[in-house]
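The data block below is coords23.pdb; it holds PDB, C-alpha atoms, pLDDT in the B column.
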ATOM      1  CA  GLY A   1      99.477  92.305  62.869  1.00 40.00           C
ATOM      2  CA  HIS A   2      99.712  94.467  65.941  1.00 47.00           C
ATOM      3  CA  VAL A   3      98.165  97.888  66.297  1.00 50.00           C
ATOM      4  CA  LEU A   4     100.932 100.462  66.702  1.00 50.00           C
ATOM      5  CA  GLY A   5     102.625 100.093  70.084  1.00 46.00           C
ATOM      6  CA  THR A   6     100.565  97.222  71.499  1.00 51.00           C
ATOM      7  CA  GLU A   7     103.653  95.074  72.064  1.00 59.00           C
ATOM      8  CA  LYS A   8     104.538  97.646  74.771  1.00 69.00           C
ATOM      9  CA  PRO A   9     101.274  99.188  75.994  1.00 68.00           C
ATOM     10  CA  GLU A  10     103.066 102.074  77.724  1.00 70.00           C
ATOM     11  CA  LEU A  11     104.245 103.278  74.285  1.00 77.00           C
ATOM     12  CA  HIS A  12     100.755 103.245  72.765  1.00 82.00           C
ATOM     13  CA  PRO A  13      99.465 106.791  72.123  1.00 86.00           C
ATOM     14  CA  ASP A  14      96.035 105.939  73.565  1.00 89.00           C
ATOM     15  CA  PHE A  15      97.297 104.318  76.777  1.00 90.00           C
ATOM     16  CA  LYS A  16      98.235 106.308  79.883  1.00 90.00           C
ATOM     17  CA  ILE A  17      99.298 105.013  83.296  1.00 91.00           C
ATOM     18  CA  LEU A  18      99.868 106.874  86.557  1.00 91.00           C
ATOM     19  CA  ASP A  19     101.902 104.610  88.831  1.00 86.00           C
ATOM     20  CA  ALA A  20     103.100 106.781  91.712  1.00 76.00           C
ATOM     21  CA  GLY A  21     104.729 105.091  94.698  1.00 75.00           C
ATOM     22  CA  GLY A  22     103.841 107.616  97.403  1.00 84.00           C
ATOM     23  CA  GLU A  23     101.112 110.156  97.949  1.00 88.00           C
ATOM     24  CA  ILE A  24      99.372 111.184  94.727  1.00 89.00           C
ATOM     25  CA  THR A  25      99.205 114.982  94.658  1.00 91.00           C
ATOM     26  CA  MET A  26      96.593 117.214  93.067  1.00 92.00           C
ATOM     27  CA  GLU A  27      99.159 118.504  90.543  1.00 93.00           C
ATOM     28  CA  THR A  28      99.968 114.932  89.482  1.00 93.00           C
ATOM     29  CA  VAL A  29      96.276 114.086  89.001  1.00 92.00           C
ATOM     30  CA  GLN A  30      95.587 117.310  87.085  1.00 93.00           C
ATOM     31  CA  GLY A  31      98.547 116.688  84.779  1.00 92.00           C
ATOM     32  CA  PHE A  32      97.400 113.114  84.158  1.00 92.00           C
ATOM     33  CA  ILE A  33      93.800 114.176  83.437  1.00 91.00           C
ATOM     34  CA  ALA A  34      95.025 116.903  81.057  1.00 90.00           C
ATOM     35  CA  GLY A  35      96.552 114.147  78.913  1.00 85.00           C
ATOM     36  CA  LEU A  36      93.120 112.527  78.537  1.00 86.00           C
ATOM     37  CA  ARG A  37      91.352 115.534  77.009  1.00 84.00           C
ATOM     38  CA  PHE A  38      92.159 114.632  73.418  1.00 84.00           C
ATOM     39  CA  MET A  39      90.269 112.099  71.314  1.00 87.00           C
ATOM     40  CA  PRO A  40      91.981 108.696  70.789  1.00 86.00           C
ATOM     41  CA  PHE A  41      94.628 108.710  68.055  1.00 88.00           C
ATOM     42  CA  VAL A  42      94.397 105.157  66.685  1.00 88.00           C
ATOM     43  CA  ALA A  43      92.338 103.007  69.078  1.00 87.00           C
ATOM     44  CA  PRO A  44      88.545 103.175  69.489  1.00 89.00           C
ATOM     45  CA  LYS A  45      89.046 104.396  73.083  1.00 90.00           C
ATOM     46  CA  LYS A  46      91.760 105.780  75.325  1.00 90.00           C
ATOM     47  CA  VAL A  47      92.633 103.644  78.359  1.00 91.00           C
ATOM     48  CA  ALA A  48      93.919 105.349  81.496  1.00 91.00           C
ATOM     49  CA  ILE A  49      95.087 103.471  84.597  1.00 92.00           C
ATOM     50  CA  ILE A  50      95.736 105.030  87.994  1.00 91.00           C
ATOM     51  CA  ASN A  51      97.518 102.595  90.311  1.00 89.00           C
ATOM     52  CA  ASN A  52      97.580 102.850  94.139  1.00 87.00           C
ATOM     53  CA  ILE A  53      94.393 104.917  94.218  1.00 88.00           C
ATOM     54  CA  GLN A  54      94.430 104.630  98.009  1.00 86.00           C
ATOM     55  CA  ASN A  55      97.328 107.138  97.927  1.00 87.00           C
ATOM     56  CA  LEU A  56      95.098 110.015  96.779  1.00 88.00           C
ATOM     57  CA  ASN A  57      94.830 112.810  99.317  1.00 88.00           C
ATOM     58  CA  THR A  58      91.623 114.832  99.697  1.00 88.00           C
ATOM     59  CA  THR A  59      92.572 117.519  97.166  1.00 91.00           C
ATOM     60  CA  SER A  60      93.851 115.061  94.557  1.00 91.00           C
ATOM     61  CA  ALA A  61      90.689 112.939  94.994  1.00 90.00           C
ATOM     62  CA  ASN A  62      88.560 116.046  94.446  1.00 90.00           C
ATOM     63  CA  ALA A  63      90.569 116.850  91.301  1.00 90.00           C
ATOM     64  CA  LEU A  64      89.723 113.371  89.968  1.00 91.00           C
ATOM     65  CA  LEU A  65      86.044 113.509  90.945  1.00 90.00           C
ATOM     66  CA  LYS A  66      84.995 115.929  88.195  1.00 86.00           C
ATOM     67  CA  THR A  67      86.451 113.594  85.564  1.00 88.00           C
ATOM     68  CA  LEU A  68      84.682 110.611  87.151  1.00 89.00           C
ATOM     69  CA  GLU A  69      81.389 112.516  87.389  1.00 87.00           C
ATOM     70  CA  GLU A  70      81.471 113.533  83.718  1.00 85.00           C
ATOM     71  CA  PRO A  71      83.274 110.648  82.020  1.00 79.00           C
ATOM     72  CA  SER A  72      84.200 110.924  78.374  1.00 84.00           C
ATOM     73  CA  ASP A  73      82.666 108.337  76.062  1.00 87.00           C
ATOM     74  CA  SER A  74      86.073 107.916  74.432  1.00 89.00           C
ATOM     75  CA  THR A  75      88.050 107.115  77.612  1.00 90.00           C
ATOM     76  CA  VAL A  76      88.070 104.136  79.969  1.00 91.00           C
ATOM     77  CA  ILE A  77      89.576 104.960  83.368  1.00 92.00           C
ATOM     78  CA  ILE A  78      90.720 102.053  85.539  1.00 91.00           C
ATOM     79  CA  LEU A  79      91.522 102.736  89.201  1.00 91.00           C
ATOM     80  CA  ILE A  80      93.558 100.102  91.054  1.00 88.00           C
ATOM     81  CA  SER A  81      93.919  99.713  94.813  1.00 84.00           C
ATOM     82  CA  SER A  82      95.611  97.006  96.842  1.00 72.00           C
ATOM     83  CA  ARG A  83      93.478  98.000  99.827  1.00 67.00           C
ATOM     84  CA  THR A  84      89.850  98.886 100.426  1.00 66.00           C
ATOM     85  CA  ALA A  85      90.706 102.278 101.979  1.00 70.00           C
ATOM     86  CA  ILE A  86      89.324 104.316  99.081  1.00 78.00           C
ATOM     87  CA  LEU A  87      87.411 107.533  99.613  1.00 79.00           C
ATOM     88  CA  PRO A  88      83.637 106.855  99.407  1.00 83.00           C
ATOM     89  CA  THR A  89      83.203 109.727  96.921  1.00 84.00           C
ATOM     90  CA  ILE A  90      85.587 107.963  94.518  1.00 86.00           C
ATOM     91  CA  ARG A  91      84.188 104.468  95.156  1.00 84.00           C
ATOM     92  CA  SER A  92      80.581 105.578  94.582  1.00 85.00           C
ATOM     93  CA  ARG A  93      81.403 106.747  91.039  1.00 87.00           C
ATOM     94  CA  CYS A  94      83.093 103.532  89.977  1.00 87.00           C
ATOM     95  CA  GLN A  95      82.107 100.015  89.031  1.00 85.00           C
ATOM     96  CA  THR A  96      84.006  97.783  91.486  1.00 83.00           C
ATOM     97  CA  PHE A  97      85.696  94.484  90.667  1.00 81.00           C
ATOM     98  CA  SER A  98      87.366  92.433  93.418  1.00 77.00           C
ATOM     99  CA  PHE A  99      90.134  90.018  92.534  1.00 75.00           C
ATOM    100  CA  ASN A 100      90.694  87.048  94.811  1.00 76.00           C
ATOM    101  CA  ALA A 101      94.093  85.655  95.720  1.00 83.00           C
ATOM    102  CA  PHE A 102      95.529  82.990  93.407  1.00 89.00           C
ATOM    103  CA  SER A 103      95.436  79.366  94.571  1.00 90.00           C
ATOM    104  CA  ALA A 104      98.648  77.399  95.207  1.00 91.00           C
ATOM    105  CA  GLY A 105      97.995  75.463  91.981  1.00 93.00           C
ATOM    106  CA  GLN A 106      97.584  78.655  89.950  1.00 93.00           C
ATOM    107  CA  LEU A 107     100.801  80.109  91.422  1.00 93.00           C
ATOM    108  CA  SER A 108     102.621  76.872  90.647  1.00 93.00           C
ATOM    109  CA  ASP A 109     101.343  76.903  87.045  1.00 94.00           C
ATOM    110  CA  TYR A 110     102.324  80.566  86.688  1.00 92.00           C
ATOM    111  CA  SER A 111     105.823  79.826  88.040  1.00 93.00           C
ATOM    112  CA  ALA A 112     106.293  77.047  85.499  1.00 93.00           C
ATOM    113  CA  SER A 113     105.035  79.246  82.645  1.00 93.00           C
ATOM    114  CA  VAL A 114     107.598  81.995  83.342  1.00 92.00           C
ATOM    115  CA  GLY A 115     110.503  79.683  84.223  1.00 92.00           C
ATOM    116  CA  LEU A 116     110.539  80.171  88.018  1.00 91.00           C
ATOM    117  CA  SER A 117     111.164  77.058  90.114  1.00 88.00           C
ATOM    118  CA  SER A 118     108.891  77.815  93.066  1.00 90.00           C
ATOM    119  CA  THR A 119     109.107  75.539  96.092  1.00 91.00           C
ATOM    120  CA  ASP A 120     106.031  74.791  98.206  1.00 90.00           C
ATOM    121  CA  GLU A 121     107.481  77.176 100.794  1.00 90.00           C
ATOM    122  CA  ILE A 122     107.706  80.056  98.299  1.00 91.00           C
ATOM    123  CA  ILE A 123     104.171  79.329  97.074  1.00 91.00           C
ATOM    124  CA  THR A 124     102.932  79.469 100.696  1.00 88.00           C
ATOM    125  CA  LEU A 125     104.869  82.677 101.444  1.00 89.00           C
ATOM    126  CA  SER A 126     103.323  84.304  98.359  1.00 89.00           C
ATOM    127  CA  PHE A 127      99.912  84.431 100.099  1.00 86.00           C
ATOM    128  CA  GLY A 128      98.171  84.192  96.729  1.00 87.00           C
ATOM    129  CA  SER A 129     100.024  87.151  95.167  1.00 87.00           C
ATOM    130  CA  ILE A 130     102.025  86.934  91.929  1.00 86.00           C
ATOM    131  CA  GLU A 131     103.811  90.175  92.865  1.00 84.00           C
ATOM    132  CA  ARG A 132     104.952  88.638  96.185  1.00 87.00           C
ATOM    133  CA  LEU A 133     105.940  85.420  94.380  1.00 92.00           C
ATOM    134  CA  ARG A 134     108.157  87.351  91.955  1.00 89.00           C
ATOM    135  CA  ARG A 135     109.631  89.444  94.773  1.00 89.00           C
ATOM    136  CA  LEU A 136     110.454  86.329  96.825  1.00 93.00           C
ATOM    137  CA  HIS A 137     112.382  84.995  93.804  1.00 92.00           C
ATOM    138  CA  SER A 138     114.213  88.227  93.007  1.00 91.00           C
ATOM    139  CA  ASN A 139     115.065  89.488  96.504  1.00 90.00           C
ATOM    140  CA  ASN A 140     116.952  87.109  98.813  1.00 90.00           C
ATOM    141  CA  ASP A 141     116.734  89.501 101.783  1.00 91.00           C
ATOM    142  CA  PHE A 142     112.953  89.656 101.434  1.00 88.00           C
ATOM    143  CA  LEU A 143     112.761  85.856 101.191  1.00 90.00           C
ATOM    144  CA  ALA A 144     114.945  85.439 104.298  1.00 90.00           C
ATOM    145  CA  SER A 145     112.875  87.951 106.301  1.00 87.00           C
ATOM    146  CA  GLN A 146     109.607  86.222 105.324  1.00 86.00           C
ATOM    147  CA  LYS A 147     111.000  82.792 106.246  1.00 86.00           C
ATOM    148  CA  ALA A 148     112.188  84.134 109.618  1.00 83.00           C
ATOM    149  CA  MET A 149     108.830  85.702 110.421  1.00 78.00           C
ATOM    150  CA  THR A 150     106.779  82.656 109.513  1.00 76.00           C
ATOM    151  CA  ALA A 151     109.120  80.218 111.312  1.00 74.00           C
ATOM    152  CA  ASP A 152     107.542  81.238 114.613  1.00 64.00           C
ATOM    153  CA  PHE A 153     103.930  80.808 113.450  1.00 64.00           C
ATOM    154  CA  PRO A 154     103.524  77.254 114.863  1.00 61.00           C
ATOM    155  CA  SER A 155     104.443  78.477 118.372  1.00 62.00           C
ATOM    156  CA  ILE A 156     101.833  81.268 118.360  1.00 59.00           C
ATOM    157  CA  HIS A 157      99.070  78.983 119.654  1.00 58.00           C
ATOM    158  CA  THR A 158     101.169  77.580 122.511  1.00 67.00           C
ATOM    159  CA  SER A 159     102.662  80.915 123.675  1.00 64.00           C
ATOM    160  CA  SER A 160     101.085  83.490 125.958  1.00 69.00           C
ATOM    161  CA  VAL A 161      99.840  86.814 124.604  1.00 68.00           C
ATOM    162  CA  GLY A 162     102.798  88.547 126.292  1.00 68.00           C
ATOM    163  CA  GLU A 163     105.313  86.193 124.671  1.00 67.00           C
ATOM    164  CA  ASN A 164     103.723  86.745 121.263  1.00 59.00           C
ATOM    165  CA  LEU A 165     103.831  90.541 121.673  1.00 64.00           C
ATOM    166  CA  LEU A 166     107.523  90.365 122.625  1.00 67.00           C
ATOM    167  CA  ALA A 167     108.226  88.091 119.655  1.00 61.00           C
ATOM    168  CA  ILE A 168     106.645  90.595 117.236  1.00 59.00           C
ATOM    169  CA  GLN A 169     109.228  93.206 118.275  1.00 60.00           C
ATOM    170  CA  THR A 170     112.070  91.005 117.012  1.00 58.00           C
ATOM    171  CA  TYR A 171     110.707  90.769 113.450  1.00 54.00           C
ATOM    172  CA  PRO A 172     112.591  92.874 110.883  1.00 49.00           C
ATOM    173  CA  GLN A 173     110.649  95.766 109.440  1.00 45.00           C
ATOM    174  CA  LEU A 174     109.341  94.975 105.977  1.00 39.00           C
ATOM    175  CA  ALA A 175     110.833  97.077 103.230  1.00 38.00           C
ATOM    176  CA  PRO A 176     108.301  98.891 101.026  1.00 40.00           C
ATOM    177  CA  PRO A 177     107.494  97.098  97.774  1.00 46.00           C
ATOM    178  CA  GLU A 178     110.073  97.627  95.058  1.00 47.00           C
ATOM    179  CA  GLN A 179     109.080 100.201  92.463  1.00 46.00           C
ATOM    180  CA  HIS A 180     109.014  98.939  88.886  1.00 49.00           C
ATOM    181  CA  ASP A 181     109.406 101.164  85.881  1.00 48.00           C
ATOM    182  CA  HIS A 182     106.510 100.914  83.433  1.00 47.00           C
TER     183      HIS A 182
END
Could the structure of this file be written out as structure tokens, please?
Amino acid sequence: GHVLGTEKPELHPDFKILDAGGEITMETVQGFIAGLRFMPFVAPKKVAIINNIQNLNTTSANALLKTLEEPSDSTVIILISSRTAILPTIRSRCQTFSFNAFSAGQLSDYSASVGLSSTDEIITLSFGSIERLRRLHSNNDFLASQKAMTADFPSIHTSSVGENLLAIQTYPQLAPPEQHDH
């Protein structure tokens, strides 16, 4: 059977996630780290995930550094960033794994496995990202804005630089990614 809470990892006593949308403050990091001080309850190790690590400011990064410099044997800390703009002091204390974009075939297989009927156009507009694929399916405004922006791509090579710069101004501003509750 399942270990207690593993059907929903966020309910497991030895799993913690910090998934802040905006800037990650020092207070937020300190509070999160405080929850890691105890030994695991039921699992061999605690697992802690901090998403959007690029949103650390200098003071919150420094608050995390001490924990990264003296890691506990009983805790695995996973830092996730969608960009490479991570402070060198943080990066130097971590083992880095890069994940490549998914291929069109992989996105198509994923769509079929979760019951989404993805067209070739949606697969292309996903740019290798499952998150974008799901957002294109769930948000018609986002889909329409992406279609409108990419409709002009073929004319980029035949237009002048000035025409392309003017065209960019007409594109709708992209909304920030939707926040999901974990």
Nearest candidate to A:Ser81 (options A:Ile122, A:Ala20, A:Ala34, A:Ala144; using all atoms listed in the file):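 Closest to A:Ser81 of all the choices is A:Ala20.
Here atom CA of A:Gly21 and atom CA of A:Ile90 stand 19.4 Å from one another.
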Picked residues, the PyMOL selection byres ((chain A and resi 48) around 6), expected as an MDAnalysis selection string: chainID A and resid 15:17 47 49 77
Please evaluate the PyMOL selection byres ((chain A and resi 102) around 12) against the displayed coordinates and give the resulting residues as an mmCIF file with C-alpha atoms, in the frame of the given file.
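The new file expr.cif reads:
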data_model
loop_
_atom_site.group_PDB
_atom_site.id
_atom_site.type_symbol
_atom_site.label_atom_id
_atom_site.label_comp_id
_atom_site.auth_asym_id
_atom_site.auth_seq_id
_atom_site.Cartn_x
_atom_site.Cartn_y
_atom_site.Cartn_z
ATOM 1 C CA PHE A 99 90.134 90.018 92.534
ATOM 2 C CA ASN A 100 90.694 87.048 94.811
ATOM 3 C CA ALA A 101 94.093 85.655 95.720
ATOM 4 C CA SER A 103 95.436 79.366 94.571
ATOM 5 C CA ALA A 104 98.648 77.399 95.207
ATOM 6 C CA GLY A 105 97.995 75.463 91.981
ATOM 7 C CA GLN A 106 97.584 78.655 89.950
ATOM 8 C CA LEU A 107 100.801 80.109 91.422
ATOM 9 C CA SER A 108 102.621 76.872 90.647
ATOM 10 C CA ASP A 109 101.343 76.903 87.045
ATOM 11 C CA TYR A 110 102.324 80.566 86.688
ATOM 12 C CA ILE A 123 104.171 79.329 97.074
ATOM 13 C CA THR A 124 102.932 79.469 100.696
ATOM 14 C CA SER A 126 103.323 84.304 98.359
ATOM 15 C CA PHE A 127 99.912 84.431 100.099
ATOM 16 C CA GLY A 128 98.171 84.192 96.729
ATOM 17 C CA SER A 129 100.024 87.151 95.167
ATOM 18 C CA ILE A 130 102.025 86.934 91.929
ATOM 19 C CA GLU A 131 103.811 90.175 92.865
ATOM 20 C CA ARG A 132 104.952 88.638 96.185
ATOM 21 C CA LEU A 133 105.940 85.420 94.380
#
Residue contacts of stretch 59-73 of chain A (10 Å, only C-alpha atoms) excluding same-chain residues fewer than 5 positions away, as a count of residues only: 24
Atom CA of A:Ile80 to atom CA of A:Ala112, distance in Å rounded to a single decimal: 26.9 Å
Å distance separating atom CA of A:Ala85 from atom CA of A:Ser145, one decimal place: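 Spanning atom CA of A:Ala85 to atom CA of A:Ser145 is a straight-line distance of 26.7 Å.
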Stretch 130-144 of chain A: axis-aligned bounding box, 5 Å on each side, centre and edge lengths in Å, one decimal, as AutoDock Vina command-line options:
--center_x 109.5 --center_y 87.6 --center_z 98.1 --size_x 24.9 --size_y 15.2 --size_z 22.4
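These residues, each with an atom at most 6 Å from (109.5, 85.9, 101.1) using only C-alpha atoms, are Leu125, Leu136, Phe142, Leu143 and Gln146 of chain A.
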Would you mind exporting C-alpha atoms of the selected residues as a PDB file, keeping the file's coordinate frame?
ATOM      1  CA  LEU A 125     104.869  82.677 101.444  1.00 89.00           C
ATOM      2  CA  LEU A 136     110.454  86.329  96.825  1.00 93.00           C
ATOM      3  CA  PHE A 142     112.953  89.656 101.434  1.00 88.00           C
ATOM      4  CA  LEU A 143     112.761  85.856 101.191  1.00 90.00           C
ATOM      5  CA  GLN A 146     109.607  86.222 105.324  1.00 86.00           C
TER       6      GLN A 146
END
Selection under test: the PyMOL selection byres ((chain A and resi 13) around 8); residues as a list in words: Gly5, Leu11, His12, Asp14, Phe15, Lys16, Pro40, Phe41 and Val42 of chain A
